[in-house]
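Structure data follow from target-v3.txt (compact mmCIF, C-alpha atoms and all ligand atoms):
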# COMPACT_ATOMS: atom_id res chain seq x y z
CA MET A 1 36.36 13.26 5.69
CA SER A 2 35.95 10.74 2.87
CA THR A 3 36.06 11.81 -0.75
CA VAL A 4 33.01 11.71 -3.00
CA ALA A 5 34.46 8.65 -4.74
CA GLU A 6 34.89 6.81 -1.44
CA ARG A 7 31.37 7.59 -0.30
CA VAL A 8 29.92 6.53 -3.67
CA THR A 9 31.93 3.30 -3.59
CA GLN A 10 30.69 2.47 -0.10
CA ILE A 11 27.05 2.94 -1.15
CA ILE A 12 27.52 0.71 -4.20
CA VAL A 13 29.26 -2.02 -2.20
CA ASP A 14 26.47 -1.97 0.41
CA LYS A 15 23.64 -1.89 -2.10
CA LEU A 16 24.84 -4.33 -4.72
CA GLY A 17 26.94 -6.60 -2.54
CA VAL A 18 29.96 -6.39 -4.84
CA GLU A 19 33.69 -6.28 -3.95
CA GLU A 20 35.26 -2.86 -3.59
CA SER A 21 37.79 -3.82 -6.26
CA GLN A 22 34.97 -4.22 -8.82
CA VAL A 23 33.80 -0.65 -8.30
CA LYS A 24 35.96 0.94 -10.98
CA PRO A 25 35.12 4.29 -12.61
CA GLU A 26 34.23 2.64 -15.93
CA ALA A 27 32.08 -0.09 -14.33
CA SER A 28 28.47 0.04 -15.49
CA PHE A 29 25.86 -0.58 -12.78
CA THR A 30 23.74 -2.84 -14.94
CA ASN A 31 26.32 -4.51 -17.20
CA ASP A 32 29.21 -4.99 -14.80
CA LEU A 33 27.81 -4.79 -11.28
CA GLY A 34 24.63 -6.81 -11.72
CA ALA A 35 22.11 -4.08 -10.90
CA ASP A 36 18.54 -4.40 -12.18
CA SER A 37 16.18 -1.47 -12.76
CA LEU A 38 15.00 -1.41 -9.14
CA ASP A 39 18.58 -1.41 -7.89
CA THR A 40 19.53 1.56 -10.06
CA VAL A 41 16.56 3.57 -8.76
CA GLU A 42 17.53 2.66 -5.21
CA LEU A 43 21.14 3.65 -5.85
CA ILE A 44 20.07 7.08 -7.07
CA MET A 45 17.91 7.48 -3.95
CA ASP A 46 20.83 6.41 -1.74
CA PHE A 47 23.08 8.96 -3.44
CA GLU A 48 20.43 11.63 -2.88
CA ARG A 49 20.25 10.80 0.79
CA GLU A 50 24.02 10.54 1.36
CA PHE A 51 24.73 13.83 -0.44
CA ASP A 52 21.56 15.58 0.71
CA THR A 53 20.61 16.51 -2.83
CA SER A 54 17.89 15.82 -5.34
CA ILE A 55 18.75 14.26 -8.70
CA GLU A 56 16.34 14.99 -11.55
CA ASP A 57 15.16 11.98 -13.58
CA SER A 58 16.77 13.46 -16.69
CA ASP A 59 20.15 13.52 -14.91
CA ALA A 60 19.63 10.15 -13.25
CA GLU A 61 19.19 8.52 -16.67
CA LYS A 62 22.70 9.62 -17.61
CA ILE A 63 24.29 8.10 -14.52
CA GLN A 64 25.20 4.67 -15.90
CA THR A 65 28.66 4.04 -14.47
CA VAL A 66 30.49 4.57 -11.19
CA GLY A 67 32.45 7.42 -12.84
CA ASP A 68 29.21 9.09 -14.00
CA ALA A 69 27.93 9.10 -10.42
CA VAL A 70 31.15 10.44 -8.95
CA SER A 71 31.52 13.27 -11.44
CA TYR A 72 27.83 14.23 -11.19
CA LEU A 73 28.00 14.36 -7.40
CA GLU A 74 31.34 16.20 -7.35
CA LYS A 75 29.78 18.85 -9.55
CA ASN A 76 26.35 19.07 -7.93
CA ALA A 77 26.72 18.14 -4.30
CA GLY A 78 29.30 18.04 -1.66
CA MET B 1 -6.09 -19.01 11.64
CA SER B 2 -2.96 -18.19 9.59
CA SER B 3 -0.27 -16.89 11.88
CA LEU B 4 0.85 -13.29 11.57
CA GLN B 5 3.06 -13.51 14.64
CA ASP B 6 5.07 -10.30 15.14
CA LYS B 7 4.40 -9.07 11.61
CA VAL B 8 4.06 -5.30 11.41
CA ILE B 9 0.89 -4.47 9.50
CA VAL B 10 -0.58 -1.11 8.56
CA VAL B 11 -4.32 -0.87 7.87
CA THR B 12 -5.81 2.36 6.54
CA GLY B 13 -9.31 3.25 7.66
CA GLY B 14 -9.19 0.76 10.50
CA SER B 15 -11.52 2.39 12.98
CA ARG B 16 -14.74 0.79 11.77
CA GLY B 17 -16.34 -1.59 9.29
CA ILE B 18 -14.15 -3.92 7.26
CA GLY B 19 -10.97 -2.13 8.37
CA GLU B 20 -11.82 -2.64 12.03
CA ALA B 21 -12.41 -6.35 11.40
CA ILE B 22 -9.03 -6.57 9.66
CA VAL B 23 -7.32 -4.81 12.58
CA ARG B 24 -8.93 -7.13 15.14
CA HIS B 25 -8.26 -10.26 13.12
CA CYS B 26 -4.60 -9.43 12.47
CA ALA B 27 -4.00 -8.49 16.10
CA ALA B 28 -5.57 -11.78 17.22
CA ALA B 29 -3.24 -13.60 14.79
CA GLY B 30 -0.25 -12.07 16.57
CA ALA B 31 0.52 -9.07 14.36
CA LYS B 32 1.66 -5.68 15.54
CA VAL B 33 -1.06 -3.63 13.91
CA HIS B 34 -0.98 0.07 13.13
CA PHE B 35 -4.19 1.57 11.80
CA THR B 36 -5.51 4.97 10.86
CA TYR B 37 -8.61 6.96 11.68
CA ARG B 38 -9.64 10.10 9.91
CA SER B 39 -11.29 12.48 12.34
CA SER B 40 -12.67 11.16 15.60
CA SER B 41 -10.42 8.99 17.73
CA ALA B 42 -13.27 7.61 19.89
CA ASN B 43 -13.71 4.35 17.94
CA ALA B 44 -9.99 3.91 17.48
CA ASP B 45 -9.37 4.35 21.21
CA THR B 46 -11.98 1.71 22.01
CA ILE B 47 -10.41 -0.78 19.60
CA VAL B 48 -6.93 -0.21 21.00
CA ALA B 49 -8.19 -0.59 24.58
CA ASN B 50 -10.20 -3.76 23.76
CA LEU B 51 -7.18 -5.36 22.16
CA ALA B 52 -4.79 -4.26 24.89
CA ALA B 53 -7.08 -5.93 27.44
CA LYS B 54 -6.44 -9.19 25.57
CA ASN B 55 -2.70 -8.48 25.44
CA LEU B 56 -2.91 -7.80 21.72
CA SER B 57 -1.05 -5.03 19.97
CA ALA B 58 -2.59 -2.16 18.00
CA VAL B 59 -1.63 1.48 17.63
CA SER B 60 -3.88 4.13 16.07
CA HIS B 61 -2.75 7.09 13.98
CA LYS B 62 -4.68 10.10 12.75
CA CYS B 63 -4.21 10.26 8.99
CA ASP B 64 -6.09 11.60 6.00
CA VAL B 65 -5.21 9.10 3.28
CA ALA B 66 -6.13 11.63 0.60
CA SER B 67 -3.10 13.64 1.74
CA PRO B 68 0.17 12.23 0.34
CA ASP B 69 2.12 13.98 3.12
CA ASP B 70 -0.01 12.35 5.82
CA VAL B 71 0.48 8.95 4.23
CA GLN B 72 4.25 9.35 3.89
CA ALA B 73 4.52 10.51 7.51
CA LEU B 74 2.41 7.58 8.70
CA ILE B 75 4.64 4.99 7.06
CA GLU B 76 7.82 6.70 8.27
CA THR B 77 6.46 6.78 11.82
CA VAL B 78 5.63 3.07 11.75
CA VAL B 79 8.96 2.03 10.24
CA LYS B 80 10.81 4.13 12.79
CA ALA B 81 8.83 2.69 15.70
CA GLU B 82 8.95 -0.97 14.62
CA GLY B 83 12.08 -1.14 12.47
CA ALA B 84 10.19 -3.05 9.78
CA ILE B 85 6.94 -3.18 7.86
CA HIS B 86 5.57 -6.47 6.54
CA GLY B 87 2.08 -5.65 5.37
CA LEU B 88 0.02 -2.77 4.06
CA VAL B 89 -3.76 -2.97 3.70
CA ASN B 90 -5.23 -0.16 1.62
CA ASN B 91 -8.75 -0.27 2.99
CA ALA B 92 -9.85 3.35 3.50
CA GLY B 93 -12.59 4.21 1.07
CA ILE B 94 -15.62 6.39 0.49
CA THR B 95 -18.63 6.58 -1.79
CA ARG B 96 -20.12 9.73 -3.31
CA ASP B 97 -22.87 8.16 -5.40
CA GLY B 98 -24.94 9.92 -8.04
CA LEU B 99 -26.01 9.59 -11.63
CA VAL B 100 -23.34 10.84 -13.98
CA MET B 101 -25.38 13.79 -15.27
CA ARG B 102 -25.52 15.25 -11.78
CA MET B 103 -22.13 14.18 -10.49
CA LYS B 104 -19.89 17.05 -9.46
CA ASP B 105 -16.16 17.21 -10.14
CA GLU B 106 -15.59 17.26 -6.38
CA ASP B 107 -17.44 13.95 -6.01
CA TRP B 108 -15.27 12.38 -8.66
CA ASP B 109 -12.00 13.77 -7.27
CA ALA B 110 -12.74 12.93 -3.63
CA VAL B 111 -13.48 9.30 -4.44
CA ILE B 112 -10.48 8.86 -6.75
CA ASP B 113 -8.12 10.54 -4.28
CA THR B 114 -9.35 8.61 -1.26
CA ASN B 115 -9.78 5.19 -2.84
CA LEU B 116 -7.16 5.06 -5.58
CA LYS B 117 -4.49 7.71 -5.17
CA SER B 118 -4.07 6.78 -1.51
CA ALA B 119 -3.16 3.23 -2.53
CA PHE B 120 -0.50 4.64 -4.83
CA THR B 121 0.99 7.00 -2.24
CA ALA B 122 0.97 4.35 0.50
CA SER B 123 2.49 1.71 -1.80
CA ARG B 124 5.18 4.18 -2.86
CA ALA B 125 5.98 4.86 0.79
CA VAL B 126 6.29 1.17 1.76
CA ALA B 127 8.13 0.07 -1.39
CA ARG B 128 11.59 1.11 -0.20
CA PRO B 129 11.53 -0.40 3.27
CA MET B 130 9.94 -3.59 1.90
CA MET B 131 12.54 -3.79 -0.88
CA LYS B 132 15.31 -3.54 1.68
CA GLN B 133 13.71 -6.36 3.67
CA ARG B 134 13.22 -8.44 0.52
CA ASN B 135 9.78 -9.14 1.87
CA GLY B 136 6.39 -7.48 1.95
CA ARG B 137 2.66 -7.78 1.31
CA ILE B 138 0.27 -5.21 -0.03
CA VAL B 139 -3.46 -5.92 -0.06
CA ASN B 140 -5.82 -3.51 -1.79
CA ILE B 141 -9.50 -3.58 -0.88
CA GLY B 142 -11.36 -3.32 -4.16
CA SER B 143 -15.00 -4.08 -4.86
CA ILE B 144 -16.80 -6.27 -7.34
CA VAL B 145 -18.26 -3.12 -8.91
CA GLY B 146 -14.72 -2.51 -10.21
CA GLN B 147 -15.44 -5.43 -12.54
CA THR B 148 -19.22 -5.31 -12.98
CA GLY B 149 -19.90 -1.56 -12.85
CA ASN B 150 -22.89 -0.11 -11.04
CA ALA B 151 -25.30 2.63 -12.05
CA GLY B 152 -24.78 5.65 -9.81
CA GLN B 153 -21.17 4.78 -9.05
CA VAL B 154 -19.04 5.84 -12.01
CA ASN B 155 -16.52 7.43 -9.64
CA TYR B 156 -16.44 4.60 -7.12
CA SER B 157 -16.34 1.77 -9.66
CA ALA B 158 -13.61 3.58 -11.64
CA SER B 159 -11.54 3.89 -8.45
CA LYS B 160 -11.98 0.19 -7.72
CA ALA B 161 -11.19 -0.84 -11.30
CA GLY B 162 -8.12 1.39 -11.05
CA LEU B 163 -7.01 -0.55 -7.99
CA ILE B 164 -6.94 -3.73 -10.09
CA GLY B 165 -4.52 -2.16 -12.58
CA LEU B 166 -2.42 -0.79 -9.75
CA THR B 167 -2.37 -4.21 -8.07
CA LYS B 168 -1.22 -6.02 -11.20
CA SER B 169 1.44 -3.46 -12.19
CA LEU B 170 2.85 -3.22 -8.68
CA ALA B 171 2.90 -7.01 -8.42
CA LYS B 172 5.06 -7.21 -11.54
CA GLU B 173 7.28 -4.31 -10.50
CA LEU B 174 8.09 -5.67 -7.05
CA ALA B 175 7.89 -9.45 -7.45
CA SER B 176 11.67 -9.87 -7.75
CA ARG B 177 11.98 -8.47 -4.24
CA ASN B 178 9.43 -10.88 -2.81
CA ILE B 179 6.82 -8.17 -2.35
CA LEU B 180 3.43 -9.64 -3.17
CA VAL B 181 0.48 -7.47 -4.12
CA ASN B 182 -3.11 -8.66 -4.29
CA CYS B 183 -6.62 -7.28 -4.28
CA VAL B 184 -9.59 -8.48 -2.24
CA ALA B 185 -12.87 -7.45 -3.84
CA PRO B 186 -15.91 -7.70 -1.56
CA GLY B 187 -19.43 -7.80 -2.88
CA TYR B 188 -21.93 -6.62 -0.34
CA VAL B 189 -20.78 -6.25 3.27
CA ALA B 190 -22.85 -5.02 6.20
CA THR B 191 -21.07 -1.82 7.36
CA ASP B 192 -21.73 1.91 7.74
CA MET B 193 -21.07 2.22 4.02
CA THR B 194 -24.02 -0.02 3.12
CA ASP B 195 -26.16 1.28 6.01
CA LYS B 196 -26.89 4.25 3.75
CA LEU B 197 -29.12 1.99 1.66
CA THR B 198 -32.79 1.54 2.57
CA GLU B 199 -34.15 -1.77 3.87
CA GLU B 200 -35.83 -2.30 0.50
CA GLN B 201 -32.66 -1.67 -1.45
CA THR B 202 -30.76 -4.06 0.78
CA GLN B 203 -33.35 -6.81 0.34
CA ALA B 204 -33.40 -6.32 -3.43
CA PHE B 205 -29.63 -6.54 -3.47
CA GLU B 206 -29.42 -9.64 -1.29
CA LYS B 207 -31.93 -11.48 -3.52
CA ASN B 208 -29.40 -11.30 -6.35
CA ILE B 209 -26.59 -12.80 -4.30
CA PRO B 210 -26.36 -16.57 -4.82
CA MET B 211 -25.67 -16.97 -1.08
CA GLN B 212 -28.68 -14.70 -0.43
CA ARG B 213 -27.05 -12.70 2.32
CA SER B 214 -24.40 -10.03 2.72
CA ALA B 215 -20.92 -10.78 4.08
CA THR B 216 -19.82 -9.97 7.59
CA PRO B 217 -16.70 -7.78 7.85
CA GLU B 218 -14.90 -10.77 9.42
CA GLU B 219 -15.50 -12.84 6.29
CA VAL B 220 -13.52 -10.24 4.36
CA ALA B 221 -10.85 -9.91 7.07
CA THR B 222 -9.97 -13.62 7.03
CA VAL B 223 -9.24 -13.47 3.29
CA VAL B 224 -7.10 -10.36 3.74
CA ALA B 225 -5.18 -12.17 6.50
CA PHE B 226 -4.52 -15.05 4.10
CA PHE B 227 -2.82 -12.67 1.67
CA LEU B 228 -0.78 -11.17 4.52
CA SER B 229 0.33 -14.55 5.80
CA ASP B 230 3.01 -17.02 4.72
CA ALA B 231 0.20 -19.26 3.44
CA SER B 232 0.05 -17.24 0.20
CA GLY B 233 3.77 -17.11 -0.54
CA TYR B 234 3.50 -17.67 -4.30
CA VAL B 235 0.40 -15.61 -5.09
CA THR B 236 0.69 -12.12 -6.54
CA GLY B 237 -1.24 -9.80 -8.85
CA GLN B 238 -4.56 -11.52 -8.12
CA VAL B 239 -8.06 -10.27 -7.48
CA LEU B 240 -10.11 -12.45 -5.17
CA ASN B 241 -13.82 -11.74 -5.05
CA VAL B 242 -15.46 -12.25 -1.65
CA ASP B 243 -18.99 -11.83 -2.84
CA GLY B 244 -21.12 -14.88 -2.06
CA GLY B 245 -21.06 -15.81 -5.74
CA LEU B 246 -22.45 -12.50 -7.02
CA ALA B 247 -19.94 -11.96 -9.83
CA ALA B 248 -19.23 -15.64 -10.47
N1 LIG C 301 -19.35 -2.33 2.64
C1 LIG C 301 -19.33 -2.89 1.45
O1 LIG C 301 -20.32 -3.47 1.02
C2 LIG C 301 -18.11 -2.85 0.60
C3 LIG C 301 -18.12 -3.56 -0.60
C4 LIG C 301 -17.01 -3.55 -1.41
C5 LIG C 301 -15.89 -2.85 -1.03
N2 LIG C 301 -15.88 -2.16 0.13
C6 LIG C 301 -14.65 -1.43 0.47
O2 LIG C 301 -14.17 -1.80 1.73
C7 LIG C 301 -13.45 -0.72 2.31
C8 LIG C 301 -13.97 -0.45 3.70
O3 LIG C 301 -15.33 -0.08 3.62
P1 LIG C 301 -16.38 -0.19 4.81
O4 LIG C 301 -17.57 -0.86 4.26
O5 LIG C 301 -15.73 -0.74 6.01
O6 LIG C 301 -16.74 1.34 4.97
P2 LIG C 301 -16.80 2.32 6.23
O7 LIG C 301 -17.38 3.55 5.71
O8 LIG C 301 -17.42 1.62 7.38
O9 LIG C 301 -15.26 2.51 6.57
C9 LIG C 301 -14.40 3.23 5.74
C10 LIG C 301 -13.15 3.56 6.52
O10 LIG C 301 -12.31 4.38 5.70
C11 LIG C 301 -11.91 5.50 6.44
N3 LIG C 301 -11.66 6.66 5.57
C12 LIG C 301 -12.47 7.19 4.63
N4 LIG C 301 -11.89 8.27 4.07
C13 LIG C 301 -10.69 8.41 4.67
C14 LIG C 301 -9.62 9.32 4.53
N5 LIG C 301 -9.66 10.35 3.66
N6 LIG C 301 -8.53 9.18 5.32
C15 LIG C 301 -8.48 8.17 6.20
N7 LIG C 301 -9.45 7.25 6.36
C16 LIG C 301 -10.53 7.39 5.61
C17 LIG C 301 -13.06 5.77 7.38
O11 LIG C 301 -12.63 6.56 8.47
C18 LIG C 301 -13.45 4.34 7.78
O12 LIG C 301 -12.63 3.88 8.82
C19 LIG C 301 -13.62 0.45 1.36
O13 LIG C 301 -12.48 0.55 0.53
C20 LIG C 301 -14.83 0.06 0.55
O14 LIG C 301 -14.83 0.67 -0.72
C21 LIG C 301 -16.96 -2.14 0.96

Do you think you could lay out the structure here as structure tokens?
Amino acid sequence: MSTVAERVTQIIVDKLGVEESQVKPEASFTNDLGADSLDTVELIMDFEREFDTSIEDSDAEKIQTVGDAVSYLEKNAG
Amino acid sequence: MSSLQDKVIVVTGGSRGIGEAIVRHCAAAGAKVHFTYRSSSANADTIVANLAAKNLSAVSHKCDVASPDDVQALIETVVKAEGAIHGLVNNAGITRDGLVMRMKDEDWDAVIDTNLKSAFTASRAVARPMMKQRNGRIVNIGSIVGQTGNAGQVNYSASKAGLIGLTKSLAKELASRNILVNCVAPGYVATDMTDKLTEEQTQAFEKNIPMQRSATPEEVATVVAFFLSDASGYVTGQVLNVDGGLAA
């Protein structure tokens, strides 16, 4: 069973077409990984699907980096 | 005829009138067409059988476009069956005419939900699969009264004007993913919708049309097919009036 961080990394690599090595906890989706506004919405929806959860818009706004996504999902989904 | 070979196209309200013409035209151009009917499947069955006899592909689905759940399920079914979706034509529409003083809330809501909200819910449903494909076309069927207004149609003309705003916003939102969104706005077309008018009303109306006749449903369908085809690859956010010069 993969960890939350591994599953999140895989989704980001697939969606944004970046190298796994670039997906560091502090990496920002928009500033470092080249995501535009549509990509970030799609990422949130991919996380929701993968972790079978629903992320409120107010929480989604705060998910700016890889680390934000991992810690949110560790806390709220499994 | 612009080729639509193997393109998967969904047409709402495709069992008669303009929608039926769009279904037949797209199927003849090689598309895999999925279309909806609201209540009776008789017309839809005939269309499917006619097309099948010519080796053309069309599938009908029962769907109330005013129900967001129905619309979502429709798109999911099509994407699952075909593995892709290239085009969406938001054609289903109704009129509930009346002078504003006597217009009921229900008449307003039914027209807005069927004509405008349905275009939003269907566009929302296709946005994701089309974004993944980096390719898609959405064509909204408006009406020139969305630009000119028409006494007795505050609800209908508001819904059609709303479709213009939706078309332009969606075009801007999705352009970077090569999803093109346009609106075809017919003037006066001979269908069940206009059959409600008396002979006198029709004649009075046609006198005002520079071309002095109403359009056939096919004359609208060919323009819709243009927007669905590769021939319009750099056109988005536009409203094209198909009105014989009426609003020129
Ligand atoms: N006929 C005209 O002169 C004219 C002019 C301008 C625009 N339009 C527009 O063209 C479109 C097609 O109109 P038409 O003239 O073919 O009318 P029509 O009444 O012949 O066909 C309308 C279609 O929409 C479907 N529909 C209506 N409500 C529905 C619902 N809740 N769920 C699913 N399907 C539903 C009907 O079943 C039918 O297939 C409409 O959007 C209409 O506003 C028509």

Closest atom pairs, stretch 60-95 of chain B residues within 7 Å of stretch 9-12 of chain B, all atoms listed in the file, as a tab-separated table:
residue	atom	partner	partner_atom	distance
B:Ile85	CA	B:Ile9	CA	6.4
B:His86	CA	B:Ile9	CA	5.9
B:Gly87	CA	B:Ile9	CA	4.5
B:Leu88	CA	B:Val10	CA	4.8
B:Val89	CA	B:Val11	CA	4.7
B:Asn90	CA	B:Thr12	CA	5.6
B:Asn91	CA	B:Thr12	CA	5.3
B:Ala92	CA	B:Thr12	CA	5.2

Check the smallest atom-to-atom distance from each of A:Asp39, A:Glu20, A:Asp57, A:Glu74 to chain B using all atoms listed in the file, then report the winner. A:Asp39

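Within 10 Å of chain B, counting only C-alpha atoms, chain A contributes Lys15, Asp36, Ser37, Leu38, Asp39, Glu42 and Met45 of chain A.
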
Could you list, as JSON, numbers by chain, all residues that come within 8 Å of ligand LIG 301 (chain C)? Count only C-alpha atoms and all ligand atoms. {"B": [12, 13, 14, 15, 16, 17, 18, 19, 20, 36, 37, 38, 39, 62, 63, 64, 65, 66, 67, 90, 91, 92, 93, 94, 95, 114, 115, 141, 142, 143, 144, 145, 156, 160, 185, 186, 187, 188, 189, 190, 191, 192, 193, 194, 214, 215, 217]}

Atom CA of B:Lys172 to atom CA of B:Gly146, distance in Å rounded to a single decimal: 20.4 Å

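When atom CA of B:Ser118 is paired with atom CA of B:Val181, their separation reads 15.2 Å.
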